[in-house]
Structure formats: C-alpha cells, structure tokens
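As provided, coords-v1.txt (compact mmCIF, C-alpha atoms (C1' of nucleotides)) reads as follows.
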# COMPACT_ATOMS: atom_id res chain seq x y z
CA MET A 30 -79.85 34.57 8.39
CA ALA A 31 -82.87 33.27 6.58
CA GLU A 32 -85.27 34.84 9.02
CA GLY A 33 -83.44 38.13 9.11
CA ARG A 34 -81.77 39.81 11.98
CA HIS A 35 -83.81 40.92 14.94
CA TYR A 36 -83.16 43.58 17.53
CA TRP A 37 -83.52 43.43 21.29
CA LEU A 38 -82.77 45.30 24.46
CA MET A 39 -81.44 43.65 27.60
CA LYS A 40 -81.21 45.28 31.00
CA SER A 41 -78.52 44.78 33.58
CA GLU A 42 -77.64 46.62 36.74
CA PRO A 43 -74.05 47.77 36.23
CA ASN A 44 -73.33 47.01 39.89
CA ALA A 45 -74.12 43.39 39.13
CA PHE A 46 -72.91 43.05 35.54
CA SER A 47 -71.93 46.00 33.37
CA ILE A 48 -71.02 46.26 29.71
CA ASP A 49 -67.39 46.56 30.86
CA ASP A 50 -67.80 43.25 32.64
CA LEU A 51 -69.04 41.79 29.37
CA ALA A 52 -66.06 43.24 27.47
CA ARG A 53 -63.71 41.67 30.06
CA SER A 54 -65.40 38.27 30.03
CA PRO A 55 -63.71 35.26 28.40
CA LYS A 56 -64.27 35.59 24.65
CA GLN A 57 -66.19 38.75 25.58
CA THR A 58 -69.15 36.43 25.95
CA THR A 59 -71.54 35.62 28.77
CA SER A 60 -74.64 33.54 29.33
CA TRP A 61 -77.57 35.75 30.25
CA ASP A 62 -78.70 33.88 33.34
CA GLY A 63 -81.13 34.74 36.08
CA VAL A 64 -84.09 35.80 33.92
CA ARG A 65 -87.19 34.73 35.86
CA ASN A 66 -89.96 36.36 33.91
CA TYR A 67 -91.91 34.36 31.33
CA GLN A 68 -92.29 37.16 28.83
CA ALA A 69 -88.57 37.90 28.95
CA ARG A 70 -87.79 34.19 28.66
CA ASN A 71 -90.03 33.85 25.64
CA PHE A 72 -88.23 36.69 23.92
CA MET A 73 -84.91 34.97 24.60
CA ARG A 74 -86.29 31.76 23.09
CA ALA A 75 -87.17 33.73 19.96
CA MET A 76 -83.62 35.00 19.50
CA ASN A 77 -81.44 33.85 16.62
CA ILE A 78 -77.67 33.84 16.28
CA GLY A 79 -76.57 37.22 14.98
CA ASP A 80 -79.46 39.12 16.53
CA GLN A 81 -78.33 42.50 17.82
CA VAL A 82 -78.82 43.62 21.41
CA LEU A 83 -78.88 47.04 23.01
CA PHE A 84 -77.13 46.76 26.37
CA TYR A 85 -78.96 48.82 28.97
CA HIS A 86 -77.82 49.83 32.44
CA SER A 87 -80.73 49.94 34.86
CA ASN A 88 -80.48 51.38 38.35
CA ALA A 89 -77.65 53.49 36.99
CA GLN A 90 -77.10 57.22 37.13
CA PRO A 91 -78.48 57.98 34.72
CA PRO A 92 -80.12 54.79 33.41
CA SER A 93 -78.73 54.44 29.88
CA VAL A 94 -78.21 52.40 26.76
CA VAL A 95 -74.47 51.91 26.83
CA GLY A 96 -73.57 49.75 23.85
CA ILE A 97 -74.23 46.75 21.67
CA ALA A 98 -73.93 43.00 22.02
CA GLU A 99 -74.97 40.15 19.77
CA VAL A 100 -76.50 36.74 20.25
CA VAL A 101 -73.94 33.97 19.71
CA LYS A 102 -75.89 31.01 21.11
CA THR A 103 -79.63 30.43 21.09
CA ALA A 104 -81.69 29.53 24.15
CA TYR A 105 -80.70 26.62 26.39
CA PRO A 106 -81.50 25.78 30.03
CA ASP A 107 -80.29 28.17 32.73
CA ALA A 108 -78.13 26.12 35.12
CA THR A 109 -78.72 28.54 37.99
CA GLN A 110 -82.35 27.43 38.31
CA PHE A 111 -81.14 24.09 39.72
CA ASP A 112 -78.44 25.52 41.98
CA LYS A 113 -79.73 25.74 45.53
CA LYS A 114 -77.03 28.20 46.44
CA ASP A 115 -77.88 30.56 43.60
CA ALA A 116 -80.08 33.57 44.22
CA HIS A 117 -82.17 32.55 41.22
CA TYR A 118 -82.70 28.95 42.32
CA ASP A 119 -86.18 27.76 41.37
CA PRO A 120 -87.28 24.67 43.32
CA ALA A 121 -90.39 24.42 41.15
CA SER A 122 -88.44 23.91 37.93
CA ASP A 123 -88.41 20.30 36.69
CA PRO A 124 -84.95 19.20 35.41
CA ASP A 125 -86.71 17.13 32.76
CA GLU A 126 -88.47 20.23 31.54
CA PRO A 127 -86.46 23.26 32.62
CA ARG A 128 -88.51 26.35 33.08
CA TRP A 129 -85.82 28.99 32.50
CA ASP A 130 -83.39 29.53 29.66
CA VAL A 131 -80.36 31.62 28.87
CA VAL A 132 -78.83 32.83 25.62
CA ASP A 133 -75.16 33.67 25.14
CA ILE A 134 -74.30 37.18 24.07
CA ARG A 135 -70.99 38.66 22.97
CA PHE A 136 -69.71 42.20 23.32
CA VAL A 137 -69.80 44.18 20.08
CA ARG A 138 -69.03 47.72 21.14
CA LYS A 139 -69.55 50.35 23.76
CA PHE A 140 -70.99 53.73 22.79
CA ALA A 141 -68.65 56.74 23.02
CA ALA A 142 -71.09 58.07 25.61
CA PRO A 143 -74.08 56.48 27.35
CA LEU A 144 -77.48 57.38 25.90
CA SER A 145 -79.62 58.32 28.87
CA LEU A 146 -83.34 57.68 29.25
CA ASP A 147 -83.87 61.45 29.08
CA GLN A 148 -82.08 61.64 25.74
CA LEU A 149 -84.17 58.77 24.41
CA ARG A 150 -87.37 60.46 25.56
CA GLU A 151 -86.45 63.55 23.55
CA GLU A 152 -86.37 61.50 20.36
CA ALA A 153 -89.75 61.64 18.63
CA SER A 154 -89.22 58.42 16.68
CA LEU A 155 -88.83 56.49 19.94
CA LYS A 156 -92.23 57.43 21.22
CA GLY A 157 -93.97 54.17 22.05
CA MET A 158 -90.76 52.24 22.68
CA GLU A 159 -91.31 49.61 25.38
CA LEU A 160 -88.37 50.88 27.41
CA LEU A 161 -89.94 54.34 27.68
CA ARG A 162 -93.37 53.11 28.72
CA LYS A 163 -94.29 54.16 32.22
CA GLY A 164 -93.96 51.23 34.58
CA SER A 165 -92.12 49.09 32.03
CA ARG A 166 -90.07 46.46 33.85
CA LEU A 167 -89.43 43.92 31.14
CA SER A 168 -85.73 43.04 31.27
CA VAL A 169 -85.60 41.50 27.79
CA GLN A 170 -87.61 43.23 25.11
CA PRO A 171 -87.84 43.51 21.33
CA VAL A 172 -86.68 46.67 19.57
CA LYS A 173 -88.13 47.76 16.23
CA PRO A 174 -85.71 48.38 13.35
CA THR A 175 -86.77 52.03 13.28
CA GLU A 176 -86.01 52.31 17.00
CA TRP A 177 -82.67 50.55 16.55
CA ASN A 178 -81.69 52.93 13.76
CA ALA A 179 -82.76 55.99 15.73
CA ILE A 180 -80.75 54.92 18.77
CA LEU A 181 -77.61 54.21 16.76
CA ARG A 182 -77.97 57.61 15.12
CA LEU A 183 -78.27 59.23 18.55
CA ALA A 184 -75.22 57.30 19.73
CA ARG A 185 -73.24 58.81 16.85
CA THR A 186 -74.38 62.37 17.49
CA HIS A 187 -74.28 62.48 21.30
CA THR A 188 -70.73 62.15 22.42
CA ASP A 189 -70.84 64.19 25.60
C1' DG B 18 -85.33 55.51 50.55
C1' DC B 19 -89.82 55.88 48.31
C1' DC B 20 -93.22 53.99 45.74
C1' DA B 21 -95.80 52.98 41.20
C1' DA B 22 -96.33 49.38 38.42
C1' DC B 23 -96.07 45.45 37.74
C1' DG B 24 -96.05 39.60 38.12
C1' DT B 25 -96.89 35.69 41.15
C1' DT B 26 -99.05 33.08 44.78
C1' DG B 27 -102.55 31.03 47.22
C1' DG B 28 -107.02 31.15 49.84
C1' DC B 29 -111.55 30.81 48.77
C1' DG C 1 -111.73 32.07 38.40
C1' DC C 2 -111.28 36.01 41.47
C1' DC C 3 -108.49 38.94 43.87
C1' DA C 4 -105.82 40.36 48.10
C1' DA C 5 -101.39 39.95 49.68
C1' DC C 6 -96.87 39.81 48.68
C1' DG C 7 -92.37 40.33 46.34
C1' DT C 8 -89.71 42.61 42.74
C1' DT C 9 -88.18 46.09 39.39
C1' DG C 10 -86.34 50.26 38.53
C1' DG C 11 -86.98 55.38 37.97
C1' DC C 12 -86.75 59.14 40.78

Have the structure of the file written as structure tokens, please.
Amino acid sequence: MAEGRHYWLMKSEPNAFSIDDLARSPKQTTSWDGVRNYQARNFMRAMNIGDQVLFYHSNAQPPSVVGIAEVVKTAYPDATQFDKKDAHYDPASDPDEPRWDVVDIRFVRKFAAPLSLDQLREEASLKGMELLRKGSRLSVQPVKPTEWNAILRLARTHTD
DNA sequence: GCCAACGTTGGC
DNA sequence: GCCAACGTTGGC
C-alpha cells in the first residue's frame, strides 16, 4: 500500500442490491456495475486494492450507512454498457475505448445497527461531508479519514 | 408521490 | 458556447 489506504462511500438501493446481497454473493464479492456518472466513475478509477468503502443504503427507511466493504480489484470496463438488454446499456460507448468502469468490492462487515442520515447529521465532525450536502446525488464519493473514523466510532456506540 | 437538485442533450 | 428541456437521484 505504497500510496496509503483511501476511504470511499458507495450508494446502493437495498431493493436492488443490499449489503446482505453482497454478503451472500460468491466470495462475498461483486462488481460495482451500472455507474453512469463521470465523477463517480473517476473516483472508481482512483481506487486502489485495499481501499475501504462505506456501504450506504439509499432510498431506504431510513437511508443509512450499513457496513463496510473493501476494494479487491481496481477499475476495468463495465460489461453492462455493451449489453443491449441491460438497463445501463450505453450505445454511445466505444468498445475500443469503453466509457464506463467497475471495481470489485468484497464484504467486510455489517454494522450492528444501521447509522441513519439523521444520526450522521448530529455528528459535528461530519459537517461538510459530501453525503450530507443538500442535493448531493453522487453515488461514489471520497470520505476523509476523519469522517471515516467518526463514522466507525458512531457505529460502535449506536447499537439500537 | 412530490419535487429539489442535479447532469446530460441538443437546438441555435 | 448558451441554455431550455429533459431525465434521474434520492430524501422526505
């Protein structure tokens, strides 16, 4: 880890793919496909093996950080962009220069209890976190070490 | 279901 | 290059 370990947050709708789905996946690993936002893609391209990921459930009740995953394979082309039957098919993507990438992530652990957006907003040290910004829609985003530490501390103390 | 806050597309 | 129209995300 010459460049050090970096922290990220990735959003998924639990109806589509939850942290339990990740834990049940073969080798507890999945490729994070379907990202069709350049900023999110660029963050995935910046990921290194061993980087740690907060797994976030969006469109959940309540929306929450639910656990941790880690990057086990760096960015490579997303096969779904070339699959006409896939919801994320992108006819404009050139197979010789694929537009969209995935990374592979592996389940690390699930928190004893989900950490809701409201709980995160109560934490002073998380003020300014991208996730908490009004109108923030970025599905893959960097997390500062201080934010990572604060969230893990909250996950230890909130068990209800 | 509503709608604010985006990001993308395409006419000009 | 501008920007209106459109489609999507995601909290509420």

Using all atoms listed in the file, determine which residues of chain A fall within 8 Å of chain B; present them as a list in words.
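Matching residues, ligands excluded from the count: Gly164, Ser165 and Arg166 of chain A.
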
Restricting the calculation to all atoms listed in the file, which member of A:Ser47, A:Ser122, A:Gln110, A:Asn71 is positioned closest to Ser93 of chain A?
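For Ser93 of chain A, the nearest of the candidates is A:Ser47.
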
Mind checking which residues fall within 8 Å of segment 117-121 of chain A, counting all atoms listed in the file, ignoring those fewer than 6 positions away in the same chain, and posting them as a ChimeraX atom specification?
/A:63,65,109-111

Find the spatial neighbours of Gln170 of chain A, counting all atoms listed in the file, within a cut-off of 10 Å - ignore same-chain residues fewer than 5 positions away - and output them as a PDB file with C-alpha atoms, in the coordinates of the input.
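around-v9.pdb was written with the following content:
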ATOM      1  CA  TYR A  36     -83.160  43.580  17.530  1.00  0.00           C
ATOM      2  CA  TRP A  37     -83.520  43.430  21.290  1.00  0.00           C
ATOM      3  CA  LEU A  38     -82.770  45.300  24.460  1.00  0.00           C
ATOM      4  CA  MET A  39     -81.440  43.650  27.600  1.00  0.00           C
ATOM      5  CA  LYS A  40     -81.210  45.280  31.000  1.00  0.00           C
ATOM      6  CA  GLN A  68     -92.290  37.160  28.830  1.00  0.00           C
ATOM      7  CA  ALA A  69     -88.570  37.900  28.950  1.00  0.00           C
ATOM      8  CA  ARG A  70     -87.790  34.190  28.660  1.00  0.00           C
ATOM      9  CA  ASN A  71     -90.030  33.850  25.640  1.00  0.00           C
ATOM     10  CA  PHE A  72     -88.230  36.690  23.920  1.00  0.00           C
ATOM     11  CA  MET A  73     -84.910  34.970  24.600  1.00  0.00           C
ATOM     12  CA  VAL A  82     -78.820  43.620  21.410  1.00  0.00           C
ATOM     13  CA  LEU A  83     -78.880  47.040  23.010  1.00  0.00           C
ATOM     14  CA  MET A 158     -90.760  52.240  22.680  1.00  0.00           C
ATOM     15  CA  GLU A 159     -91.310  49.610  25.380  1.00  0.00           C
ATOM     16  CA  LEU A 160     -88.370  50.880  27.410  1.00  0.00           C
TER      17      LEU A 160
END

Skip Asn178 of chain A itself and residues of its chain fewer than 5 positions away, then list as a PyMOL selection string all residues within 12 Å of it, counting all atoms listed in the file.
chain A and resi 36+81+83+152+154-155+172-173+183-185

Straight-line distance linking atom CA of Leu181 of chain A with atom CA of Val132 of chain A, stated in Å to one decimal
23.2 Å

Distance query Asp80 of chain A at most 7 Å, all atoms listed in the file, self and fewer than 6 positions along chain excluded, as a list in words:
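The neighbour list is Arg34, His35, Tyr36, Glu99 and Val100 of chain A.
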
Residues within 10 Å of Gln57 of chain A, all atoms listed in the file, excluding chain neighbours under 2 positions, as a count of residues only:
14

What is the atom CA of Asn66 of chain A-atom CA of Glu151 of chain A distance in Å, reported with one decimal?
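That distance, rounded to one decimal, is 29.3 Å.
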
Distance atom CA of Pro171 of chain A-atom CA of Pro127 of chain A, one decimal place?
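Computed distance, atom CA of Pro171 of chain A to atom CA of Pro127 of chain A, equals 23.2 Å.
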
Let me know the centre plus edge lengths, in Å and rounded to one decimal, of a box with edges along x, y and z that contains all listed atoms of segment 125-136 of chain A and is padded by 4 Å on every side, as lines of an AutoDock Vina configuration file.
center_x = -79.1
center_y = 29.7
center_z = 28.0
size_x = 26.8
size_y = 33.1
size_z = 18.1

Nearest residue to His86 of chain A from the set A:Leu161, A:Ala153, A:Leu167, A:Ala45 (distances using only C-alpha atoms):
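Checking each of A:Leu161, A:Ala153, A:Leu167, A:Ala45 against His86 of chain A, counting only C-alpha atoms, the winner is A:Ala45.
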
Could you give me segment 101-121 of chain A completed to N, CA, C and O atoms, formatted as a tab-separated table (two decimals), keeping the file's coordinate frame?
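And here's result-v7.tsv as it stands now:
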chain	number	residue	atom	x	y	z
A	101	VAL	N	-74.85	34.94	20.31
A	101	VAL	CA	-73.94	33.97	19.71
A	101	VAL	C	-74.37	32.53	19.99
A	101	VAL	O	-73.81	31.59	19.43
A	102	LYS	N	-75.35	32.36	20.87
A	102	LYS	CA	-75.89	31.01	21.11
A	102	LYS	C	-77.35	31.14	21.49
A	102	LYS	O	-77.70	31.96	22.34
A	103	THR	N	-78.18	30.35	20.84
A	103	THR	CA	-79.63	30.43	21.09
A	103	THR	C	-79.98	29.77	22.43
A	103	THR	O	-79.13	29.15	23.08
A	104	ALA	N	-81.23	29.89	22.80
A	104	ALA	CA	-81.69	29.53	24.15
A	104	ALA	C	-81.39	28.08	24.55
A	104	ALA	O	-81.55	27.16	23.76
A	105	TYR	N	-80.93	27.93	25.79
A	105	TYR	CA	-80.70	26.62	26.39
A	105	TYR	C	-80.90	26.77	27.90
A	105	TYR	O	-80.93	27.90	28.41
A	106	PRO	N	-81.09	25.66	28.63
A	106	PRO	CA	-81.50	25.78	30.03
A	106	PRO	C	-80.51	26.56	30.90
A	106	PRO	O	-79.30	26.43	30.76
A	107	ASP	N	-81.06	27.36	31.78
A	107	ASP	CA	-80.29	28.17	32.73
A	107	ASP	C	-79.89	27.29	33.91
A	107	ASP	O	-80.75	26.86	34.69
A	108	ALA	N	-78.60	27.03	34.07
A	108	ALA	CA	-78.13	26.12	35.12
A	108	ALA	C	-78.44	26.66	36.52
A	108	ALA	O	-78.59	25.89	37.46
A	109	THR	N	-78.53	27.98	36.64
A	109	THR	CA	-78.72	28.54	37.99
A	109	THR	C	-80.08	28.18	38.58
A	109	THR	O	-80.25	28.23	39.79
A	110	GLN	N	-81.03	27.78	37.77
A	110	GLN	CA	-82.35	27.43	38.31
A	110	GLN	C	-82.31	26.16	39.17
A	110	GLN	O	-83.18	25.94	39.99
A	111	PHE	N	-81.26	25.34	38.96
A	111	PHE	CA	-81.14	24.09	39.72
A	111	PHE	C	-80.10	24.17	40.82
A	111	PHE	O	-79.83	23.19	41.51
A	112	ASP	N	-79.49	25.34	41.00
A	112	ASP	CA	-78.44	25.52	41.98
A	112	ASP	C	-79.01	26.13	43.26
A	112	ASP	O	-79.32	27.32	43.32
A	113	LYS	N	-79.11	25.29	44.28
A	113	LYS	CA	-79.73	25.74	45.53
A	113	LYS	C	-79.04	26.94	46.14
A	113	LYS	O	-79.65	27.70	46.89
A	114	LYS	N	-77.77	27.08	45.84
A	114	LYS	CA	-77.03	28.20	46.44
A	114	LYS	C	-77.18	29.49	45.64
A	114	LYS	O	-76.77	30.56	46.07
A	115	ASP	N	-77.75	29.37	44.46
A	115	ASP	CA	-77.88	30.56	43.60
A	115	ASP	C	-79.11	31.37	43.99
A	115	ASP	O	-80.15	30.83	44.36
A	116	ALA	N	-78.97	32.68	43.87
A	116	ALA	CA	-80.08	33.57	44.22
A	116	ALA	C	-81.30	33.33	43.34
A	116	ALA	O	-82.43	33.65	43.72
A	117	HIS	N	-81.07	32.76	42.16
A	117	HIS	CA	-82.17	32.55	41.22
A	117	HIS	C	-82.64	31.10	41.18
A	117	HIS	O	-83.34	30.68	40.25
A	118	TYR	N	-82.24	30.34	42.21
A	118	TYR	CA	-82.70	28.95	42.32
A	118	TYR	C	-84.22	28.88	42.29
A	118	TYR	O	-84.91	29.65	42.95
A	119	ASP	N	-84.73	27.93	41.47
A	119	ASP	CA	-86.18	27.76	41.37
A	119	ASP	C	-86.55	26.31	41.67
A	119	ASP	O	-86.46	25.44	40.80
A	120	PRO	N	-86.97	26.05	42.92
A	120	PRO	CA	-87.28	24.67	43.32
A	120	PRO	C	-88.44	24.08	42.52
A	120	PRO	O	-88.60	22.86	42.47
A	121	ALA	N	-89.22	24.91	41.88
A	121	ALA	CA	-90.39	24.42	41.15
A	121	ALA	C	-90.04	24.00	39.72
A	121	ALA	O	-90.89	23.46	39.01
